[in-house]
file run-v3.txt (compact mmCIF, C-alpha atoms)
# COMPACT_ATOMS: atom_id res chain seq x y z
CA MET A 1 198.70 43.22 -34.88
CA TRP A 2 200.42 45.07 -32.03
CA ALA A 3 203.60 43.07 -32.61
CA ARG A 4 203.67 44.36 -36.20
CA VAL A 5 203.03 47.91 -34.97
CA SER A 6 205.95 47.62 -32.56
CA ARG A 7 208.30 46.28 -35.24
CA SER A 8 207.32 49.04 -37.68
CA LEU A 9 207.84 51.79 -35.13
CA TRP A 10 211.18 50.32 -34.10
CA ARG A 11 212.38 50.36 -37.69
CA GLY A 12 211.24 53.96 -38.10
CA GLN A 13 209.01 53.06 -41.03
CA THR A 14 205.84 54.86 -39.98
CA SER A 15 204.04 56.61 -37.15
CA LEU A 16 201.70 55.08 -34.60
CA ALA A 17 198.86 57.40 -35.67
CA ARG A 18 199.17 56.30 -39.31
CA LEU A 19 199.18 52.62 -38.39
CA LEU A 20 196.13 52.95 -36.16
CA HIS A 21 194.18 54.67 -38.92
CA THR A 22 195.13 52.23 -41.68
CA THR A 23 195.16 48.87 -39.90
CA PRO A 24 191.86 47.01 -39.34
CA ARG A 25 191.40 46.36 -35.64
CA ALA A 26 189.11 43.99 -33.76
CA SER A 27 187.53 45.23 -30.56
CA ALA A 28 189.04 43.42 -27.58
CA ILE A 29 186.47 44.65 -25.05
CA GLY A 30 182.71 44.79 -25.40
CA PHE A 31 180.16 46.26 -23.00
CA GLU A 32 176.93 45.24 -24.68
CA LEU A 33 174.89 42.27 -23.54
CA THR A 34 173.90 39.73 -26.16
CA SER A 35 170.33 39.70 -27.42
CA GLU A 36 169.69 36.57 -25.34
CA GLN A 37 171.09 38.20 -22.21
CA GLN A 38 168.98 41.28 -22.80
CA GLU A 39 165.87 39.15 -23.15
CA PHE A 40 166.66 37.25 -19.97
CA GLN A 41 167.31 40.55 -18.21
CA ARG A 42 163.92 41.89 -19.33
CA LEU A 43 162.21 38.71 -18.15
CA ALA A 44 163.83 38.99 -14.71
CA ALA A 45 162.98 42.71 -14.48
CA LYS A 46 159.35 42.05 -15.39
CA PHE A 47 159.16 39.22 -12.86
CA THR A 48 160.61 41.52 -10.20
CA GLN A 49 158.09 44.28 -10.88
CA GLU A 50 155.09 41.94 -10.93
CA GLU A 51 155.98 39.23 -8.41
CA ILE A 52 158.67 40.47 -6.00
CA ILE A 53 158.20 44.19 -5.32
CA PRO A 54 154.46 43.91 -4.50
CA VAL A 55 155.10 41.29 -1.77
CA ALA A 56 158.58 42.20 -0.49
CA ALA A 57 157.40 44.43 2.35
CA GLU A 58 154.93 41.82 3.59
CA TYR A 59 157.55 39.07 3.69
CA ASP A 60 159.84 41.48 5.53
CA LYS A 61 157.15 42.04 8.17
CA THR A 62 156.13 38.40 8.61
CA GLY A 63 159.45 36.62 8.07
CA GLU A 64 157.64 33.92 6.10
CA TYR A 65 159.48 32.01 3.42
CA PRO A 66 158.51 33.22 -0.11
CA TRP A 67 157.37 29.88 -1.46
CA GLY A 68 154.93 31.44 -3.91
CA VAL A 69 157.68 33.54 -5.49
CA VAL A 70 160.07 30.58 -5.56
CA ARG A 71 157.56 28.41 -7.41
CA LYS A 72 156.86 31.06 -10.03
CA ALA A 73 160.58 31.77 -10.54
CA TRP A 74 161.27 28.06 -10.99
CA GLU A 75 158.44 27.74 -13.53
CA LEU A 76 159.82 30.68 -15.54
CA GLY A 77 163.33 29.19 -15.56
CA LEU A 78 164.87 31.90 -13.36
CA MET A 79 166.37 29.28 -11.02
CA ASN A 80 169.10 26.71 -11.67
CA VAL A 81 170.10 28.54 -14.85
CA THR A 82 173.74 27.37 -14.74
CA VAL A 83 172.86 23.66 -14.46
CA PRO A 84 174.03 21.98 -17.71
CA PRO A 85 171.33 20.84 -20.20
CA GLU A 86 172.24 17.18 -19.70
CA TYR A 87 171.01 17.56 -16.11
CA GLY A 88 167.87 19.47 -17.02
CA GLY A 89 169.14 23.05 -16.75
CA LEU A 90 169.65 25.86 -19.24
CA GLY A 91 173.44 25.60 -19.23
CA LEU A 92 173.93 29.35 -18.94
CA GLN A 93 177.13 30.94 -17.70
CA LEU A 94 177.84 32.72 -14.45
CA LEU A 95 177.67 36.06 -16.25
CA ASP A 96 174.08 35.26 -17.24
CA GLU A 97 173.31 34.33 -13.63
CA VAL A 98 174.51 37.64 -12.22
CA ILE A 99 172.53 39.59 -14.80
CA VAL A 100 169.38 37.94 -13.46
CA ALA A 101 170.50 38.43 -9.85
CA GLU A 102 170.79 42.19 -10.22
CA GLU A 103 167.21 42.43 -11.42
CA THR A 104 165.68 40.27 -8.68
CA ALA A 105 167.80 41.95 -5.98
CA TYR A 106 166.37 45.27 -7.15
CA GLY A 107 163.07 43.99 -5.78
CA CYS A 108 164.27 42.27 -2.59
CA THR A 109 167.66 40.85 -1.67
CA GLY A 110 166.09 38.48 0.85
CA ILE A 111 163.92 36.87 -1.81
CA THR A 112 166.91 36.87 -4.17
CA THR A 113 168.87 34.90 -1.57
CA ALA A 114 166.07 32.34 -1.52
CA LEU A 115 166.03 32.11 -5.31
CA ALA A 116 169.81 31.83 -5.54
CA THR A 117 170.22 29.12 -2.92
CA ASN A 118 170.62 26.33 -5.46
CA MET A 119 173.34 28.19 -7.31
CA LEU A 120 175.69 28.10 -4.33
CA ALA A 121 174.67 24.56 -3.50
CA GLY A 122 175.43 23.38 -7.00
CA ALA A 123 178.86 25.00 -7.25
CA PRO A 124 180.84 22.29 -5.37
CA VAL A 125 178.92 19.65 -7.28
CA HIS A 126 179.87 21.30 -10.57
CA VAL A 127 183.48 21.43 -9.41
CA ALA A 128 183.96 17.99 -7.83
CA ALA A 129 181.15 15.53 -8.67
CA ASN A 130 181.21 12.87 -11.37
CA HIS A 131 178.54 12.51 -14.06
CA ASP A 132 176.33 10.16 -12.05
CA GLN A 133 176.43 12.39 -8.98
CA LYS A 134 175.60 15.49 -11.01
CA LYS A 135 172.71 13.69 -12.66
CA ARG A 136 171.33 12.56 -9.30
CA PHE A 137 171.68 15.79 -7.38
CA LEU A 138 171.68 18.63 -9.92
CA GLY A 139 168.95 16.88 -11.88
CA ARG A 140 166.63 16.81 -8.89
CA MET A 141 166.58 20.59 -8.65
CA THR A 142 165.43 20.97 -12.24
CA GLU A 143 162.67 18.35 -12.01
CA GLU A 144 160.64 20.18 -9.38
CA PRO A 145 160.96 23.25 -7.11
CA LEU A 146 163.51 21.91 -4.63
CA LEU A 147 165.83 24.07 -2.56
CA ALA A 148 169.43 23.23 -1.80
CA VAL A 149 171.65 24.50 1.00
CA LEU A 150 175.33 24.33 1.85
CA ARG A 151 176.17 24.12 5.50
CA ILE A 152 179.52 25.49 6.64
CA ASP A 153 181.07 24.41 9.91
CA SER A 154 184.61 25.19 11.01
CA ASP A 155 184.67 24.14 14.66
CA GLY A 156 185.94 20.62 13.99
CA ARG A 157 183.83 19.01 16.71
CA GLU A 158 182.69 16.06 14.64
CA ARG A 159 184.49 12.79 14.03
CA MET A 160 184.96 11.14 10.67
CA SER A 161 184.56 7.45 9.97
CA GLN A 162 183.47 5.41 6.97
CA PRO A 163 180.84 4.61 5.92
CA ALA A 164 178.82 5.84 8.91
CA VAL A 165 179.33 9.03 10.87
CA PRO A 166 177.50 8.87 14.20
CA SER A 167 177.67 12.45 15.37
CA PRO A 168 176.50 14.56 18.27
CA PRO A 169 173.93 17.28 17.60
CA SER A 170 175.29 20.09 15.47
CA TRP A 171 174.01 23.63 15.85
CA TRP A 172 173.98 26.24 13.15
CA ARG A 173 172.16 29.27 11.90
CA GLU A 174 170.97 29.12 8.35
CA THR A 175 169.83 31.78 5.94
CA ALA A 176 168.17 29.60 3.35
CA LEU A 177 164.95 28.05 4.56
CA ASP A 178 166.45 27.05 7.88
CA LEU A 179 168.40 24.17 6.32
CA PRO A 180 172.09 23.49 7.05
CA ARG A 181 174.99 24.62 4.93
CA ALA A 182 178.03 22.40 5.25
CA ARG A 183 179.42 20.09 7.84
CA ARG A 184 183.04 19.58 8.59
CA LEU A 185 183.80 15.89 9.11
CA SER A 186 187.27 16.05 10.62
CA GLN A 187 188.93 16.18 14.03
CA GLN A 188 191.74 18.44 12.86
CA ARG A 189 191.65 22.10 12.01
CA ALA A 190 194.47 22.15 9.45
CA VAL A 191 193.56 22.75 5.83
CA ASN A 192 195.18 19.51 4.70
CA ALA A 193 192.88 17.57 7.05
CA TRP A 194 189.76 18.72 5.19
CA SER A 195 189.83 15.79 2.89
CA LYS A 196 186.45 15.06 1.34
CA LEU A 197 183.17 16.42 0.09
CA TYR A 198 180.10 14.41 1.02
CA VAL A 199 176.52 14.09 -0.04
CA SER A 200 174.97 12.57 3.05
CA SER A 201 171.77 11.35 4.62
CA ALA A 202 170.55 12.53 8.00
CA LYS A 203 167.76 10.57 9.64
CA ALA A 204 166.88 13.12 12.29
CA VAL A 205 166.84 16.86 11.84
CA ARG A 206 165.65 19.06 14.63
CA THR A 207 165.06 22.72 14.06
CA PHE A 208 164.25 25.46 16.49
CA ASP A 209 162.44 28.77 16.52
CA GLN A 210 163.21 31.14 13.69
CA GLU A 211 165.52 34.02 14.53
CA TRP A 212 164.43 37.58 13.78
CA ASN A 213 167.14 39.20 11.68
CA MET A 214 167.92 42.85 11.08
CA GLY A 215 167.23 42.48 7.35
CA GLN A 216 166.70 40.03 4.49
CA ARG A 217 163.95 38.39 6.54
CA ALA A 218 162.52 36.49 3.57
CA SER A 219 165.55 34.22 3.95
CA ASN A 220 164.87 32.42 7.21
CA THR A 221 167.38 31.78 9.99
CA SER A 222 167.16 29.19 12.75
CA ALA A 223 169.28 26.69 14.68
CA LEU A 224 169.28 22.99 13.82
CA SER A 225 170.56 19.70 15.14
CA PHE A 226 171.76 16.86 12.86
CA GLU A 227 172.03 13.32 14.13
CA ASP A 228 172.85 9.85 12.75
CA VAL A 229 174.65 11.04 9.63
CA VAL A 230 175.42 8.32 7.06
CA VAL A 231 177.91 8.88 4.24
CA PRO A 232 177.74 6.19 1.54
CA GLU A 233 180.90 5.75 -0.50
CA GLU A 234 179.06 6.64 -3.73
CA ASN A 235 178.28 10.05 -2.26
CA VAL A 236 181.89 11.10 -1.79
CA LEU A 237 182.56 13.92 -4.26
CA GLY A 238 185.84 14.35 -6.06
CA GLU A 239 189.31 13.20 -5.11
CA PRO A 240 190.13 12.67 -1.41
CA GLY A 241 192.45 15.30 0.02
CA LYS A 242 191.22 18.14 -2.19
CA ALA A 243 187.97 19.17 -0.53
CA PHE A 244 189.30 22.53 0.64
CA TYR A 245 190.40 23.45 -2.86
CA TYR A 246 187.09 22.32 -4.36
CA ALA A 247 185.29 24.46 -1.82
CA MET A 248 187.40 27.54 -2.47
CA GLY A 249 186.87 27.07 -6.20
CA ALA A 250 183.14 26.97 -5.58
CA PHE A 251 183.27 30.20 -3.58
CA ASP A 252 185.12 31.94 -6.39
CA LYS A 253 182.12 31.18 -8.58
CA THR A 254 179.54 32.36 -6.08
CA ARG A 255 181.04 35.58 -4.73
CA PRO A 256 180.37 37.54 -7.91
CA ALA A 257 176.99 36.25 -8.27
CA GLU A 258 174.96 33.80 -3.78
CA PRO A 259 173.22 30.35 -0.32
CA TYR A 260 173.61 24.50 0.56
CA TYR A 261 171.92 21.11 1.51
CA LEU A 262 171.73 19.49 -1.84
CA GLY A 263 168.45 17.91 -2.87
CA VAL A 264 166.57 18.74 0.31
CA LYS A 265 162.87 18.64 -0.35
CA VAL A 266 160.73 20.75 1.93
CA SER A 267 157.01 21.04 1.36
CA PRO A 268 155.66 24.54 0.65
CA GLY A 269 154.32 26.16 3.76
CA ASN A 270 156.74 24.32 6.04
CA HIS A 271 158.69 27.02 7.82
CA ILE A 272 160.89 24.55 9.66
CA GLN A 273 159.71 24.97 13.20
CA GLY A 274 159.77 22.09 15.67
CA ASP A 275 161.01 18.62 14.74
CA ILE A 276 161.40 17.06 11.30
CA ASN A 277 161.84 13.30 11.30
CA GLU A 278 162.41 12.43 7.68
CA GLU A 279 165.39 11.26 5.68
CA ILE A 280 166.90 14.03 3.61
CA GLU A 281 169.97 14.34 1.47
CA GLY A 282 172.44 17.15 1.54
CA LEU A 283 175.84 18.35 0.52
CA TYR A 284 178.45 18.41 3.27
CA VAL A 285 181.43 20.58 2.46
CA PRO A 286 184.34 21.14 4.88
CA LEU A 287 185.14 24.83 4.70
CA VAL A 288 187.07 27.45 6.64
CA CYS A 289 184.63 30.24 5.83
CA SER A 290 181.32 30.69 7.58
CA GLY A 291 178.89 32.83 5.66
CA ALA A 292 176.14 32.89 3.12
CA SER A 293 176.85 33.33 -0.53
CA PRO A 294 173.85 35.16 -2.07
CA ALA A 295 173.84 33.21 -7.28
CA ASP A 296 174.74 36.56 -6.45
CA VAL A 297 176.19 38.27 -3.45
CA ALA A 298 178.09 41.08 -5.11
CA MET A 299 175.48 41.57 -7.82
CA GLY A 300 172.76 41.40 -5.20
CA ALA A 301 174.43 44.39 -3.57
CA VAL A 302 174.47 46.18 -6.93
CA GLY A 303 170.76 45.56 -7.39
CA LEU A 304 170.00 46.92 -3.92
CA ALA A 305 172.14 50.01 -4.53
CA ARG A 306 170.37 50.68 -7.83
CA ARG A 307 166.98 50.43 -6.12
CA ALA A 308 168.16 52.89 -3.46
CA MET A 309 169.34 55.31 -6.15
CA ASP A 310 166.07 55.09 -8.10
CA GLU A 311 163.91 55.57 -5.01
CA ALA A 312 166.00 58.52 -3.84
CA THR A 313 166.08 60.14 -7.29
CA LYS A 314 162.31 59.88 -7.69
CA TYR A 315 161.72 61.31 -4.21
CA ALA A 316 164.22 64.14 -4.79
CA LEU A 317 162.39 65.17 -7.95
CA GLU A 318 158.97 65.13 -6.25
CA ARG A 319 159.87 66.62 -2.85
CA TYR A 320 159.86 70.41 -2.83
CA ALA A 321 161.69 72.60 -0.33
CA PHE A 322 161.86 76.40 -0.53
CA GLY A 323 160.03 76.43 -3.83
CA LYS A 324 162.03 73.88 -5.81
CA PRO A 325 162.69 70.11 -5.93
CA ILE A 326 165.38 69.08 -3.47
CA PHE A 327 167.14 67.43 -6.43
CA GLN A 328 168.26 70.92 -7.43
CA TYR A 329 170.27 71.30 -4.24
CA GLN A 330 173.83 70.17 -4.81
CA ALA A 331 174.09 68.40 -1.47
CA VAL A 332 171.34 66.04 -2.65
CA SER A 333 172.27 65.69 -6.31
CA GLN A 334 175.89 64.90 -5.48
CA MET A 335 174.83 62.03 -3.20
CA LEU A 336 172.85 60.63 -6.14
CA ALA A 337 175.85 61.07 -8.44
CA ASP A 338 178.05 59.16 -5.99
CA MET A 339 175.51 56.32 -6.03
CA ALA A 340 175.68 56.14 -9.82
CA ILE A 341 179.49 56.12 -9.79
CA GLY A 342 179.63 53.28 -7.30
CA ILE A 343 176.93 51.23 -8.99
CA GLU A 344 178.48 51.39 -12.45
CA ALA A 345 181.94 50.54 -11.13
CA SER A 346 180.64 47.68 -9.00
CA ARG A 347 178.62 46.17 -11.83
CA LEU A 348 181.63 46.12 -14.14
CA LEU A 349 183.74 44.42 -11.46
CA VAL A 350 181.05 41.79 -10.95
CA TYR A 351 180.88 41.21 -14.69
CA ARG A 352 184.66 40.83 -14.81
CA GLY A 353 184.68 38.33 -11.96
CA ALA A 354 181.89 36.29 -13.53
CA TRP A 355 183.48 36.47 -16.98
CA GLU A 356 186.84 35.25 -15.65
CA ALA A 357 185.12 32.24 -14.11
CA ASP A 358 183.28 31.55 -17.37
CA GLN A 359 186.65 31.48 -19.17
CA GLY A 360 187.79 28.73 -16.83
CA ARG A 361 190.30 30.97 -15.10
CA ARG A 362 190.82 31.57 -11.40
CA ASN A 363 188.82 34.67 -10.54
CA THR A 364 189.55 35.07 -6.83
CA TYR A 365 191.11 38.51 -7.19
CA TYR A 366 188.24 39.98 -9.20
CA ALA A 367 185.61 38.21 -7.11
CA SER A 368 187.03 39.79 -3.95
CA LEU A 369 187.27 43.21 -5.60
CA ALA A 370 183.64 42.96 -6.68
CA LYS A 371 182.37 41.72 -3.32
CA ALA A 372 184.24 44.36 -1.30
CA LEU A 373 183.28 47.31 -3.46
CA ALA A 374 179.66 46.32 -4.13
CA ALA A 375 178.99 45.68 -0.44
CA ASP A 376 180.30 49.11 0.55
CA VAL A 377 178.45 50.82 -2.29
CA ALA A 378 175.18 49.15 -1.29
CA ASN A 379 175.52 50.29 2.31
CA LYS A 380 176.46 53.86 1.43
CA SER A 381 173.74 54.12 -1.23
CA ALA A 382 171.06 52.86 1.13
CA ALA A 383 172.21 55.16 3.95
CA ASP A 384 172.31 58.16 1.61
CA ALA A 385 168.86 57.28 0.28
CA VAL A 386 167.49 57.39 3.83
CA GLN A 387 169.24 60.74 4.30
CA ILE A 388 167.64 62.16 1.15
CA PHE A 389 164.22 61.00 2.33
CA GLY A 390 164.86 62.65 5.68
CA GLY A 391 162.39 61.75 8.39
CA ALA A 392 160.27 59.86 5.87
CA GLY A 393 163.21 57.55 5.19
CA PHE A 394 163.24 56.51 8.81
CA ASN A 395 159.67 55.26 8.47
CA SER A 396 158.70 51.83 7.14
CA GLU A 397 156.08 53.41 4.88
CA TYR A 398 158.90 54.00 2.39
CA PRO A 399 161.18 51.22 1.06
CA VAL A 400 164.55 52.82 1.80
CA GLU A 401 164.62 51.87 5.50
CA LYS A 402 164.28 48.20 4.48
CA LEU A 403 167.07 48.67 1.93
CA MET A 404 169.34 50.02 4.65
CA ARG A 405 168.63 47.03 6.90
CA ASP A 406 169.05 44.55 4.05
CA ALA A 407 172.35 46.07 2.93
CA LYS A 408 174.42 45.41 6.05
CA ILE A 409 174.72 41.64 5.57
CA PHE A 410 176.61 42.17 2.30
CA GLN A 411 179.61 43.35 4.33
CA ILE A 412 179.44 40.19 6.46
CA TYR A 413 178.46 36.99 4.66
CA GLU A 414 180.40 35.20 1.92
CA GLY A 415 183.55 36.62 3.47
CA THR A 416 183.53 39.92 5.35
CA SER A 417 184.67 43.14 3.72
CA GLN A 418 187.83 42.91 5.84
CA ILE A 419 188.58 39.41 4.61
CA GLN A 420 188.12 40.50 1.00
CA ARG A 421 190.73 43.21 1.54
CA VAL A 422 193.13 40.68 3.05
CA ILE A 423 192.72 38.51 -0.07
CA ILE A 424 193.24 41.49 -2.39
CA SER A 425 196.34 42.69 -0.54
CA ARG A 426 197.93 39.23 -0.70
CA PHE A 427 197.44 39.17 -4.45
CA LEU A 428 199.17 42.56 -4.66
CA ALA A 429 202.10 41.29 -2.58
CA ASP A 430 202.44 38.12 -4.64
CA ALA A 431 202.34 40.11 -7.88
CA MET A 432 205.06 42.46 -6.68
CA LYS A 433 207.26 39.64 -5.40
CA SER A 434 207.10 37.98 -8.80
CA LYS A 435 208.59 41.16 -10.33
CA MET A 436 211.40 41.57 -7.79
call {"tool": "encode", "arguments": {"input": "run-v3.txt", "output": "structure tokens"}}
result
Amino acid sequence: MWARVSRSLWRGQTSLARLLHTTPRASAIGFELTSEQQEFQRLAAKFTQEEIIPVAAEYDKTGEYPWGVVRKAWELGLMNVTVPPEYGGLGLQLLDEVIVAEETAYGCTGITTALATNMLAGAPVHVAANHDQKKRFLGRMTEEPLLAVLRIDSDGRERMSQPAVPSPPSWWRETALDLPRARRLSQQRAVNAWSKLYVSSAKAVRTFDQEWNMGQRASNTSALSFEDVVVPEENVLGEPGKAFYYAMGAFDKTRPAEPYYLGVKVSPGNHIQGDINEEIEGLYVPLVCSGASPADVAMGAVGLARRAMDEATKYALERYAFGKPIFQYQAVSQMLADMAIGIEASRLLVYRGAWEADQGRRNTYYASLAKALAADVANKSAADAVQIFGGAGFNSEYPVEKLMRDAKIFQIYEGTSQIQRVIISRFLADAMKSKM
């Protein structure tokens, strides 16, 4: 249509205003969720109000893993939503996943990290595995409440051999039920040496005391040791020599939306302390990055920021100072307005990043934009919420101090805020060079 408009204007036949008023036009951009997405959003919001918010503070105090919440979320279908139907999942898109993530993160980002673990774990499998591998490993997560973890290791200490990989103990800190993320199986540090993805078996896993984190304590952290790793040929994922690119493609999917040891089955109530001597299976991915990915890092930050805004707005309307609600003081109301601006902008960037991935296009630029902005917005919103609460905000009786502690990790894991800006700036440079 626009080509015809341009030709008509060039020939001097009519005006732009006349053409726009007489030519039927289809909307190229839509901001409304589908009826199915709205229903899923309502389900996630209801689950958050009834199952997450009432227990979030207790899990934050105890550091226990939220197995009860995980089971209920799995039963409702709020986990593994992007797994294709042929492997037992709902086959939803990444955009659907982040819609759910915002709602659960509104209740607790630590619990959301636990719920989203399988989403990150499944991403490299979606990208690189064949049909049989997807059926074996993605299918297991939909058959019962299993958790998956990706372990990331970039120190290059371990040696690669086929089919067995006898390895020294490997130490790591994990944010998803104390299980490992990804293991690098190469002597070299160069990108082209990261050659394969593995689904492997470890006969001895030793874990150590749980660390006590600043925030997101419902997602446990501890050190582990892996020994006697065996990599069967049938568990090699994708084409040799392309593991790094598979892994980066997986991260592009998870940055808009969140932490992998694929198919690891851990019994409820087991908080991974002491030794575990059982054979488990997991996904080993050689990666340069070292960080968590909350189906849902950037959108998790949006959910946290929205909770901070709601809590601060409610308090500002109820708290009186000098005869009127503090909301009526511009210094307070403008902080709330800034929260709304940041939240709306961040959410749209997350949607764009997820939508680009759903179209089958590379979304690295938009994923980094979303992650960088949403992380900063979450931290500022939480800090401003504490400021609005004043002394009460510094006390654990109110939820905003937890929000402030939970927010900081968003600027660190799944690529720091500084790294996101490096990625964005390189895209700008490449775009300009292509025009010169």
call {"tool": "residues_around", "arguments": {"input": "run-v3.txt", "residues": "range 317-325 of chain A", "least_positions_apart": "5", "cutoff": "10 Å", "atoms": "only C-alpha atoms", "output": "list in words"}}
result
Ala312, Ile388 and Phe389 of chain A
call {"tool": "closest_residue", "arguments": {"input": "run-v3.txt", "among": "A:Leu138, A:Ala316, A:Ala345, A:Ala372", "to": "Gly390 in chain A", "atoms": "all atoms listed in the file"}}
result
A:Ala316
call {"tool": "atom_distance", "arguments": {"input": "run-v3.txt", "atom1": "CA of Leu373 in chain A", "atom2": "CA of Met119 in chain A"}}
result
21.9 Å
call {"tool": "atom_distance", "arguments": {"input": "run-v3.txt", "atom1": "CA of Ala301 in chain A", "atom2": "CA of Asn379 in chain A"}}
result
8.4 Å
call {"tool": "closest_atom_pairs", "arguments": {"input": "run-v3.txt", "of": "range 38-58 of chain A", "to": "range 396-407 of chain A", "cutoff": "10 Å", "atoms": "all atoms listed in the file", "output": "tab-separated table"}}
result
residue	atom	partner	partner_atom	distance
A:Ile53	CA	A:Pro399	CA	10.0
A:Ala56	CA	A:Pro399	CA	9.5
A:Ala57	CA	A:Pro399	CA	7.9
call {"tool": "closest_residue", "arguments": {"input": "run-v3.txt", "among": "A:Ala298, A:Ala340, A:Met79, A:Ala385", "to": "Lys314 in chain A", "atoms": "all atoms listed in the file"}}
result
A:Ala385
call {"tool": "residues_around", "arguments": {"input": "run-v3.txt", "residues": "Thr109 in chain A", "least_positions_apart": "4", "cutoff": "7 Å", "atoms": "only C-alpha atoms", "output": "list in words"}}
result
Ala105, Thr113, Gln216, Gly300, Leu304 and Asp406 of chain A
call {"tool": "closest_residue", "arguments": {"input": "run-v3.txt", "among": "A:Glu64, A:Asp338, A:Glu239, A:Glu75", "to": "Pro145 in chain A", "atoms": "all atoms listed in the file"}}
result
A:Glu75
call {"tool": "closest_residue", "arguments": {"input": "run-v3.txt", "among": "A:Leu336, A:Met436, A:Val83, A:Lys46", "to": "His126 in chain A", "atoms": "only C-alpha atoms"}}
result
A:Val83
call {"tool": "closest_residue", "arguments": {"input": "run-v3.txt", "among": "A:Gly215, A:Gly88, A:Gly303, A:Pro124", "to": "Thr62 in chain A", "atoms": "only C-alpha atoms"}}
result
A:Gly215
call {"tool": "closest_residue", "arguments": {"input": "run-v3.txt", "among": "A:Met309, A:Val125, A:Ala431, A:Met214", "to": "Tyr246 in chain A", "atoms": "only C-alpha atoms"}}
result
A:Val125
call {"tool": "atom_distance", "arguments": {"input": "run-v3.txt", "atom1": "CA of Leu349 in chain A", "atom2": "CA of Ser425 in chain A"}}
result
16.8 Å
call {"tool": "axis_aligned_box", "arguments": {"input": "run-v3.txt", "around": "range 408-420 of chain A", "padding_each_side": "4 Å", "output": "AutoDock Vina command-line options"}}
result
--center_x 181.5 --center_y 40.3 --center_z 3.7 --size_x 22.2 --size_y 18.2 --size_z 13.5
